[in-house]
>>> print(open('input_38.cif').read())   # mmCIF, C-alpha atoms and all ligand atoms
data_coords
loop_
_atom_site.label_atom_id
_atom_site.label_comp_id
_atom_site.auth_asym_id
_atom_site.auth_seq_id
_atom_site.Cartn_x
_atom_site.Cartn_y
_atom_site.Cartn_z
CA MET A 1 0.00 0.00 0.00
CA LYS A 2 1.20 3.50 -0.82
CA ILE A 3 1.49 6.30 1.70
CA PHE A 4 2.23 9.82 0.54
CA ILE A 5 3.74 12.34 2.98
CA THR A 6 3.55 15.96 1.85
CA ARG A 7 6.89 16.98 3.43
CA GLU A 8 9.85 15.42 5.22
CA ILE A 9 8.74 14.85 8.83
CA PRO A 10 10.87 13.44 11.67
CA SER A 11 11.91 9.86 11.00
CA PRO A 12 10.13 7.77 13.70
CA GLY A 13 6.80 7.65 11.84
CA ILE A 14 8.37 7.12 8.43
CA GLU A 15 10.56 4.28 9.79
CA LEU A 16 7.55 2.63 11.43
CA LEU A 17 5.57 2.72 8.17
CA LYS A 18 8.48 1.25 6.22
CA LYS A 19 9.00 -1.46 8.84
CA LYS A 20 5.36 -2.46 8.42
CA GLY A 21 5.96 -2.91 4.69
CA TYR A 22 4.23 0.18 3.35
CA GLN A 23 5.57 1.97 0.31
CA VAL A 24 6.31 5.50 1.53
CA SER A 25 6.93 8.45 -0.73
CA VAL A 26 7.80 11.88 0.61
CA TYR A 27 7.72 15.26 -1.12
CA ASN A 28 11.28 16.14 -0.24
CA LYS A 29 11.56 19.85 -1.02
CA ASP A 30 11.66 22.27 1.91
CA LYS A 31 8.47 24.11 0.87
CA PRO A 32 4.78 23.29 0.50
CA ILE A 33 4.06 20.91 -2.37
CA PRO A 34 2.65 22.69 -5.46
CA ARG A 35 -1.04 21.91 -5.82
CA LYS A 36 -0.75 20.15 -9.19
CA ASP A 37 1.96 17.82 -7.85
CA PHE A 38 -0.17 17.14 -4.79
CA ILE A 39 -3.15 16.23 -6.99
CA ASN A 40 -0.93 13.84 -8.99
CA GLU A 41 0.35 12.15 -5.84
CA VAL A 42 -2.99 11.68 -4.08
CA LYS A 43 -4.59 9.96 -7.10
CA ASN A 44 -2.91 6.64 -6.40
CA CYS A 45 -2.18 6.55 -2.70
CA ASP A 46 -3.97 4.67 0.09
CA ALA A 47 -3.16 7.21 2.79
CA VAL A 48 -1.85 10.76 3.04
CA ILE A 49 0.09 12.31 5.89
CA SER A 50 -0.50 16.03 5.42
CA LEU A 51 0.78 19.22 7.01
CA LEU A 52 -1.26 22.29 7.92
CA THR A 53 0.26 24.07 4.89
CA GLU A 54 -1.75 21.82 2.55
CA LYS A 55 -5.28 22.92 1.79
CA ILE A 56 -7.25 19.72 1.35
CA ASP A 57 -10.53 20.84 -0.18
CA LYS A 58 -13.25 19.15 -2.24
CA GLU A 59 -11.16 19.24 -5.43
CA ILE A 60 -8.26 17.39 -3.79
CA ILE A 61 -10.54 14.97 -1.95
CA ASP A 62 -12.33 14.08 -5.19
CA LYS A 63 -8.98 12.98 -6.65
CA MET A 64 -8.34 10.62 -3.72
CA LYS A 65 -9.78 7.53 -5.39
CA TYR A 66 -8.12 4.96 -3.12
CA CYS A 67 -7.28 7.03 -0.04
CA LYS A 68 -8.74 5.73 3.22
CA VAL A 69 -7.13 8.09 5.68
CA ILE A 70 -5.77 11.63 5.81
CA ALA A 71 -3.51 11.86 8.86
CA ASN A 72 -2.89 15.54 9.56
CA TYR A 73 0.47 16.21 11.19
CA ALA A 74 -1.07 18.83 13.53
CA VAL A 75 -3.81 19.04 16.13
CA GLY A 76 -5.63 21.81 14.21
CA TYR A 77 -7.35 20.51 11.07
CA ASN A 78 -8.82 23.70 9.65
CA ASN A 79 -6.79 23.03 6.47
CA ILE A 80 -9.01 20.03 5.66
CA ASP A 81 -12.63 19.94 4.55
CA PHE A 82 -13.07 17.07 6.98
CA GLU A 83 -16.85 16.89 6.66
CA TYR A 84 -16.52 16.31 2.92
CA ALA A 85 -13.73 13.78 3.47
CA GLN A 86 -15.92 11.91 5.93
CA ARG A 87 -18.81 11.93 3.47
CA LYS A 88 -16.46 10.35 0.95
CA GLY A 89 -15.57 7.65 3.48
CA ILE A 90 -12.09 9.00 4.24
CA VAL A 91 -11.06 9.04 7.90
CA VAL A 92 -9.34 12.24 9.04
CA THR A 93 -7.00 12.11 12.02
CA ASN A 94 -4.91 14.70 13.90
CA THR A 95 -2.17 14.67 16.55
CA PRO A 96 -3.64 15.87 19.86
CA ASP A 97 -1.92 15.65 23.28
CA VAL A 98 1.61 14.97 22.02
CA LEU A 99 2.14 18.68 21.27
CA THR A 100 0.22 20.11 24.20
CA ASP A 101 3.20 20.75 26.50
CA SER A 102 5.34 22.24 23.74
CA THR A 103 2.63 24.66 22.67
CA ALA A 104 1.76 25.58 26.24
CA ASP A 105 5.44 26.24 26.97
CA LEU A 106 5.65 28.51 23.93
CA ALA A 107 2.49 30.42 24.90
CA MET A 108 3.97 31.00 28.34
CA SER A 109 7.29 32.06 26.80
CA LEU A 110 5.44 34.67 24.77
CA VAL A 111 3.59 35.89 27.84
CA LEU A 112 6.87 36.31 29.76
CA ALA A 113 8.68 37.80 26.78
CA CYS A 114 5.90 40.39 26.35
CA ALA A 115 5.63 41.11 30.07
CA ARG A 116 9.39 41.66 30.42
CA ARG A 117 9.97 43.13 26.95
CA ILE A 118 12.70 40.59 26.31
CA PRO A 119 13.15 41.06 22.52
CA GLU A 120 13.42 44.85 22.88
CA ALA A 121 15.89 44.55 25.74
CA GLU A 122 17.97 41.94 23.94
CA ALA A 123 18.05 44.07 20.77
CA LEU A 124 19.43 46.99 22.80
CA VAL A 125 22.31 44.87 24.09
CA ARG A 126 23.08 43.45 20.64
CA ALA A 127 23.10 46.98 19.21
CA ARG A 128 25.92 47.71 21.75
CA LYS A 129 23.67 50.32 23.39
CA PHE A 130 23.69 48.98 26.95
CA LYS A 131 25.25 51.78 28.99
CA GLY A 132 24.65 50.37 32.47
CA TRP A 133 21.82 49.71 34.94
CA LYS A 134 19.02 52.28 34.96
CA PRO A 135 16.09 52.60 37.38
CA GLN A 136 13.52 52.59 34.59
CA LEU A 137 15.13 50.55 31.85
CA PHE A 138 12.50 48.38 30.14
CA LEU A 139 9.90 48.50 32.88
CA GLY A 140 7.69 45.47 32.50
CA MET A 141 4.95 43.72 34.38
CA GLU A 142 4.89 41.03 37.08
CA LEU A 143 2.59 38.04 36.67
CA ARG A 144 1.61 37.52 40.31
CA ASN A 145 -2.04 38.38 41.07
CA LYS A 146 -2.79 39.23 37.45
CA ASN A 147 -5.99 38.02 35.81
CA PHE A 148 -5.01 35.47 33.21
CA GLY A 149 -7.75 34.87 30.62
CA ILE A 150 -7.72 31.59 28.73
CA LEU A 151 -9.79 31.49 25.54
CA GLY A 152 -10.56 27.84 24.79
CA ALA A 153 -9.88 25.74 27.87
CA GLY A 154 -9.12 22.43 26.16
CA ARG A 155 -5.85 20.50 26.23
CA ILE A 156 -3.42 23.39 25.58
CA GLY A 157 -5.52 26.00 27.38
CA THR A 158 -5.56 23.83 30.51
CA GLU A 159 -1.77 23.37 30.45
CA VAL A 160 -1.23 27.12 29.98
CA ALA A 161 -3.61 27.76 32.90
CA LYS A 162 -1.53 25.42 35.11
CA ARG A 163 1.66 27.26 34.19
CA ALA A 164 0.08 30.69 34.74
CA HIS A 165 -1.34 29.54 38.08
CA ALA A 166 2.17 28.49 39.14
CA PHE A 167 3.28 32.07 38.41
CA GLY A 168 0.63 33.37 40.82
CA CYS A 169 -2.01 34.43 38.27
CA LYS A 170 -5.76 34.21 38.81
CA ILE A 171 -7.31 32.12 36.07
CA ILE A 172 -10.49 33.10 34.24
CA TYR A 173 -11.62 31.30 31.12
CA TYR A 174 -13.97 31.37 28.17
CA SER A 175 -14.96 28.02 26.73
CA ASP A 176 -18.07 26.34 25.38
CA ILE A 177 -17.57 23.50 27.88
CA LYS A 178 -17.09 23.76 31.65
CA ASN A 179 -13.57 22.74 32.67
CA ASN A 180 -13.90 20.99 36.02
CA PHE A 181 -10.15 20.70 36.52
CA LEU A 182 -9.65 24.45 36.16
CA GLU A 183 -12.58 25.24 38.44
CA THR A 184 -11.75 22.81 41.24
CA LYS A 185 -7.95 22.69 41.20
CA LEU A 186 -7.10 26.23 40.08
CA LYS A 187 -10.23 28.01 41.36
CA ALA A 188 -10.77 29.34 37.86
CA LYS A 189 -13.95 31.16 36.86
CA ARG A 190 -15.75 30.63 33.56
CA LEU A 191 -16.95 33.97 32.17
CA SER A 192 -18.43 35.40 28.99
CA LEU A 193 -15.98 36.46 26.28
CA ASN A 194 -16.66 40.16 26.87
CA LEU A 195 -16.03 39.85 30.62
CA ILE A 196 -12.80 37.95 30.01
CA LEU A 197 -11.60 40.70 27.68
CA LYS A 198 -12.56 43.39 30.19
CA GLN A 199 -11.02 41.74 33.24
CA SER A 200 -7.86 40.08 31.90
CA ASP A 201 -4.35 41.44 32.26
CA ILE A 202 -3.13 38.63 30.04
CA ILE A 203 -5.08 36.75 27.38
CA SER A 204 -3.92 33.53 25.78
CA ILE A 205 -5.86 32.08 22.84
CA HIS A 206 -6.29 28.30 22.52
CA LEU A 207 -9.46 27.93 20.47
CA PRO A 208 -9.69 25.88 17.29
CA LEU A 209 -10.26 27.81 14.07
CA ASN A 210 -13.73 27.19 12.63
CA LYS A 211 -16.73 29.18 11.39
CA LYS A 212 -17.64 30.19 14.95
CA THR A 213 -14.17 31.37 15.97
CA TYR A 214 -13.15 33.14 12.74
CA ASN A 215 -12.46 36.77 13.77
CA LEU A 216 -14.04 36.05 17.16
CA LEU A 217 -11.85 38.86 18.49
CA ASN A 218 -12.77 41.88 16.43
CA GLU A 219 -13.49 45.60 16.38
CA THR A 220 -16.52 45.21 18.65
CA ASN A 221 -14.86 43.38 21.52
CA LEU A 222 -11.10 44.06 21.31
CA ARG A 223 -11.82 47.58 22.53
CA PHE A 224 -12.72 46.05 25.92
CA LEU A 225 -9.07 45.15 26.54
CA LYS A 226 -7.18 46.98 29.28
CA LYS A 227 -4.49 49.43 28.18
CA SER A 228 -2.01 47.41 30.25
CA SER A 229 -3.00 44.05 28.78
CA ILE A 230 -1.02 41.44 26.88
CA ILE A 231 -2.56 39.19 24.25
CA VAL A 232 -0.90 36.00 23.05
CA ASN A 233 -2.04 33.91 20.10
CA THR A 234 -0.57 30.45 19.55
CA ALA A 235 -3.84 29.04 18.12
CA ARG A 236 -4.67 30.32 14.62
CA GLY A 237 -4.22 33.84 13.21
CA GLU A 238 -7.72 34.09 11.76
CA ILE A 239 -9.28 34.04 15.25
CA VAL A 240 -8.17 37.67 15.72
CA ASP A 241 -8.95 40.51 13.31
CA GLU A 242 -5.34 41.52 12.69
CA LYS A 243 -6.17 44.98 11.32
CA VAL A 244 -7.82 45.85 14.64
CA LEU A 245 -4.96 44.29 16.60
CA ILE A 246 -2.44 46.40 14.66
CA TYR A 247 -4.48 49.52 15.42
CA MET A 248 -4.59 48.61 19.13
CA LEU A 249 -0.81 48.07 19.24
CA LYS A 250 0.01 51.16 17.20
CA THR A 251 -2.13 53.44 19.35
CA LYS A 252 -0.91 51.73 22.57
CA LYS A 253 -4.42 50.68 23.55
CA ILE A 254 -2.83 47.45 24.78
CA PHE A 255 0.63 46.83 26.23
CA ALA A 256 1.87 44.09 23.92
CA ALA A 257 1.03 41.09 21.78
CA GLY A 258 2.86 37.82 21.23
CA LEU A 259 2.02 36.00 18.01
CA ASP A 260 3.02 32.59 16.70
CA VAL A 261 0.30 32.44 14.04
CA TYR A 262 -1.09 34.78 11.36
CA GLU A 263 -4.16 35.28 9.22
CA ASP A 264 -2.39 34.69 5.91
CA GLU A 265 0.66 32.57 6.69
CA PRO A 266 3.45 32.82 5.74
CA ASN A 267 2.55 36.41 4.76
CA ILE A 268 2.64 38.76 7.72
CA LYS A 269 1.06 42.21 7.53
CA LYS A 270 3.91 44.66 7.07
CA GLU A 271 2.64 46.99 9.82
CA PHE A 272 3.55 44.33 12.40
CA TYR A 273 7.25 44.61 11.50
CA ASN A 274 7.33 48.29 12.48
CA LEU A 275 5.87 47.79 15.96
CA ASP A 276 8.13 47.21 18.95
CA ASN A 277 5.27 46.05 21.20
CA VAL A 278 4.62 42.87 19.26
CA ILE A 279 6.66 39.65 19.27
CA LEU A 280 6.49 37.72 16.01
CA LEU A 281 7.34 34.01 15.87
CA PRO A 282 7.25 31.72 12.81
CA HIS A 283 4.54 29.22 13.91
CA ILE A 284 6.76 27.09 16.15
CA GLY A 285 4.21 26.11 18.83
CA SER A 286 4.86 22.37 18.54
CA SER A 287 8.46 22.71 17.44
CA THR A 288 10.30 20.60 19.97
CA THR A 289 12.07 17.34 19.19
CA GLU A 290 9.82 15.48 21.63
CA ALA A 291 6.55 16.80 20.17
CA ARG A 292 7.53 16.49 16.52
CA ASN A 293 8.83 12.91 16.91
CA ASN A 294 5.63 11.92 18.68
CA MET A 295 3.47 13.71 16.11
CA SER A 296 5.26 11.73 13.41
CA LEU A 297 4.68 8.46 15.26
CA LEU A 298 1.03 9.22 16.00
CA ALA A 299 0.29 10.16 12.38
CA ALA A 300 1.90 6.89 11.24
CA LYS A 301 0.02 4.83 13.84
CA ASN A 302 -3.27 6.41 12.70
CA VAL A 303 -2.49 5.43 9.10
CA ILE A 304 -1.58 1.86 10.12
CA ALA A 305 -4.73 1.50 12.24
CA VAL A 306 -7.09 2.60 9.46
CA LEU A 307 -5.32 0.66 6.70
CA SER A 308 -5.49 -2.50 8.81
CA GLY A 309 -9.22 -2.10 9.26
CA LYS A 310 -9.06 -0.87 12.85
CA LYS A 311 -10.37 2.33 14.41
CA ALA A 312 -8.13 5.40 14.10
CA ILE A 313 -6.37 6.31 17.35
CA THR A 314 -7.17 10.02 17.17
CA PRO A 315 -9.87 10.69 14.57
CA VAL A 316 -11.03 14.31 14.42
N1 LIG B 401 1.02 27.37 17.28
C1 LIG B 401 1.06 26.07 17.06
O1 LIG B 401 2.01 25.56 16.50
C2 LIG B 401 -0.08 25.22 17.54
C3 LIG B 401 0.23 23.96 18.08
C4 LIG B 401 -0.82 23.18 18.54
C5 LIG B 401 -2.14 23.63 18.46
N2 LIG B 401 -2.38 24.85 17.92
C6 LIG B 401 -3.78 25.34 17.85
O2 LIG B 401 -4.33 25.26 19.16
C7 LIG B 401 -5.70 24.86 19.06
C8 LIG B 401 -6.14 24.23 20.38
O3 LIG B 401 -5.54 22.94 20.53
P1 LIG B 401 -6.04 21.96 21.70
O4 LIG B 401 -5.32 20.68 21.52
O5 LIG B 401 -5.98 22.66 23.01
O6 LIG B 401 -7.56 21.80 21.28
P2 LIG B 401 -8.81 21.38 22.22
O7 LIG B 401 -9.86 20.92 21.28
O8 LIG B 401 -8.35 20.46 23.29
O9 LIG B 401 -9.22 22.77 22.90
C9 LIG B 401 -10.03 23.74 22.31
C10 LIG B 401 -11.06 24.19 23.34
O10 LIG B 401 -11.82 25.26 22.79
C11 LIG B 401 -13.19 25.05 23.12
N3 LIG B 401 -14.00 25.68 22.05
C12 LIG B 401 -14.11 25.27 20.78
N4 LIG B 401 -14.89 26.11 20.07
C13 LIG B 401 -15.28 27.08 20.94
C14 LIG B 401 -16.08 28.24 20.82
N5 LIG B 401 -16.65 28.57 19.65
N6 LIG B 401 -16.27 29.01 21.91
C15 LIG B 401 -15.72 28.66 23.09
N7 LIG B 401 -14.93 27.60 23.26
C16 LIG B 401 -14.72 26.80 22.20
C17 LIG B 401 -13.37 23.54 23.16
O11 LIG B 401 -14.44 23.16 23.98
C18 LIG B 401 -12.04 23.10 23.76
O12 LIG B 401 -12.12 23.06 25.15
C19 LIG B 401 -5.70 23.91 17.86
O13 LIG B 401 -6.99 23.86 17.25
C20 LIG B 401 -4.66 24.47 16.94
O14 LIG B 401 -5.23 25.27 15.94
C21 LIG B 401 -1.38 25.64 17.46
#
>>> encode(input="input_38.cif", output="structure tokens")
Amino acid sequence: MKIFITREIPSPGIELLKKKGYQVSVYNKDKPIPRKDFINEVKNCDAVISLLTEKIDKEIIDKMKYCKVIANYAVGYNNIDFEYAQRKGIVVTNTPDVLTDSTADLAMSLVLACARRIPEAEALVRARKFKGWKPQLFLGMELRNKNFGILGAGRIGTEVAKRAHAFGCKIIYYSDIKNNFLETKLKAKRLSLNLILKQSDIISIHLPLNKKTYNLLNETNLRFLKKSSIIVNTARGEIVDEKVLIYMLKTKKIFAAGLDVYEDEPNIKKEFYNLDNVILLPHIGSSTTEARNNMSLLAAKNVIAVLSGKKAITPV
């Protein structure tokens, strides 16, 4: 059976597939596969391991004549028309849990980097402009006793809440489902989105991207943010209206933003580059050796399960 992988991923999953006797072919250029090449590849394969850079829409799915499973190498699956795939009898899987700690660590790094203005301070030193200790050099913000708003209290949101709690923050959260762990163990309060935006000193976004969350943070509600607040997005860029965010940063209506994801990746709105109160990362939430190796293994195990007639381990 043929498995097509849309980019070189860490070896554990590829080795496992080969060991099981599958024929594995990998698009081996260090860029997203051109659409016409992707269409050619998917025509004859039994399974696809895809990345979030591949848009798998109706046109692509219709070409998948033999494909039984699309194993997305990510927990988010907004790049796949999964309802259509399911209608066509193709199982779609993702890689939850194995990247939760890595992404939560990165969200927390962005919070701390924003709060303590680390990139700005580091740039000053590198520019050979450090002239000695000053009483008001890069005044930042402490985390203790701050209201920490989690948007989307699922796997990653819960881990970020635990980390923030350890720093002395008070946890408030917005989620469509009550999170018993947060409420009992961290004394967190579940509030409406508007109240979270009004009360938070720090906001960290961990919602999935879908029709309901597209531009959920927009002109109407972002104005509720405190002038001293920090907003961090390691979920998906489209959840925040970036034009409004840029305006808020430019006019100092918030303190800072930390972004790992963007509306139109890899294109980043040029206004962001000129702002010193935003930290811009290149979508590296799950980029640790541990997470990426385990994502590779989990994607492969999902493929093996479906192709051997068993239930997928982590279907979406
Ligand atoms: N930056 C990165 O590299 C990176 C890495 C991993 C995940 N992510 C993103 O993080 C997202 C969250 O991952 P997760 O594993 O925590 O997912 P999850 O499904 O465990 O958590 C999402 C939470 O949001 C809640 N939710 C969903 N829709 C909602 C809505 N409309 N209103 C309120 N709450 C809603 C769900 O109930 C759930 O608790 C992923 O979908 C992915 O896009 C990004």
>>> closest_residue(input="input_38.cif", among="A:Phe130, A:Phe148, A:Phe181, A:Phe38", to="Ile231 of chain A", atoms="all atoms listed in the file")
A:Phe148
>>> residues_around(input="input_38.cif", residues="segment 123-126 of chain A", least_positions_apart="5", cutoff="12 Å", atoms="only C-alpha atoms", output="VMD selection string")
chain A and resid 117 to 118 131 to 133 137 to 138 276
>>> closest_residue(input="input_38.cif", among="A:Ser109, A:Ser102, A:Ser50, A:Ser175", to="ligand LIG 401 (chain B)", atoms="all atoms listed in the file")
A:Ser175
>>> axis_aligned_box(input="input_38.cif", around="segment 293-303 of chain A", padding_each_side="6 Å", output="lines of an AutoDock Vina configuration file")
center_x = 2.8
center_y = 9.3
center_z = 13.9
size_x = 24.1
size_y = 20.9
size_z = 21.6
>>> residues_near_ligand(input="input_38.cif", ligand="ligand LIG 401 (chain B)", cutoff="8 Å", atoms="all atoms listed in the file", output="PyMOL selection string")
chain A and resi 74-78+96-97+99-100+102-103+151-158+174-177+179+205-210+212-213+233-236+260-261+283-287
>>> atom_distance(input="input_38.cif", atom1="atom CA of Lys88 of chain A", atom2="atom CA of Met64 of chain A")
9.4 Å
>>> atom_distance(input="input_38.cif", atom1="atom CA of Ala71 of chain A", atom2="atom CA of Ile56 of chain A")
11.5 Å
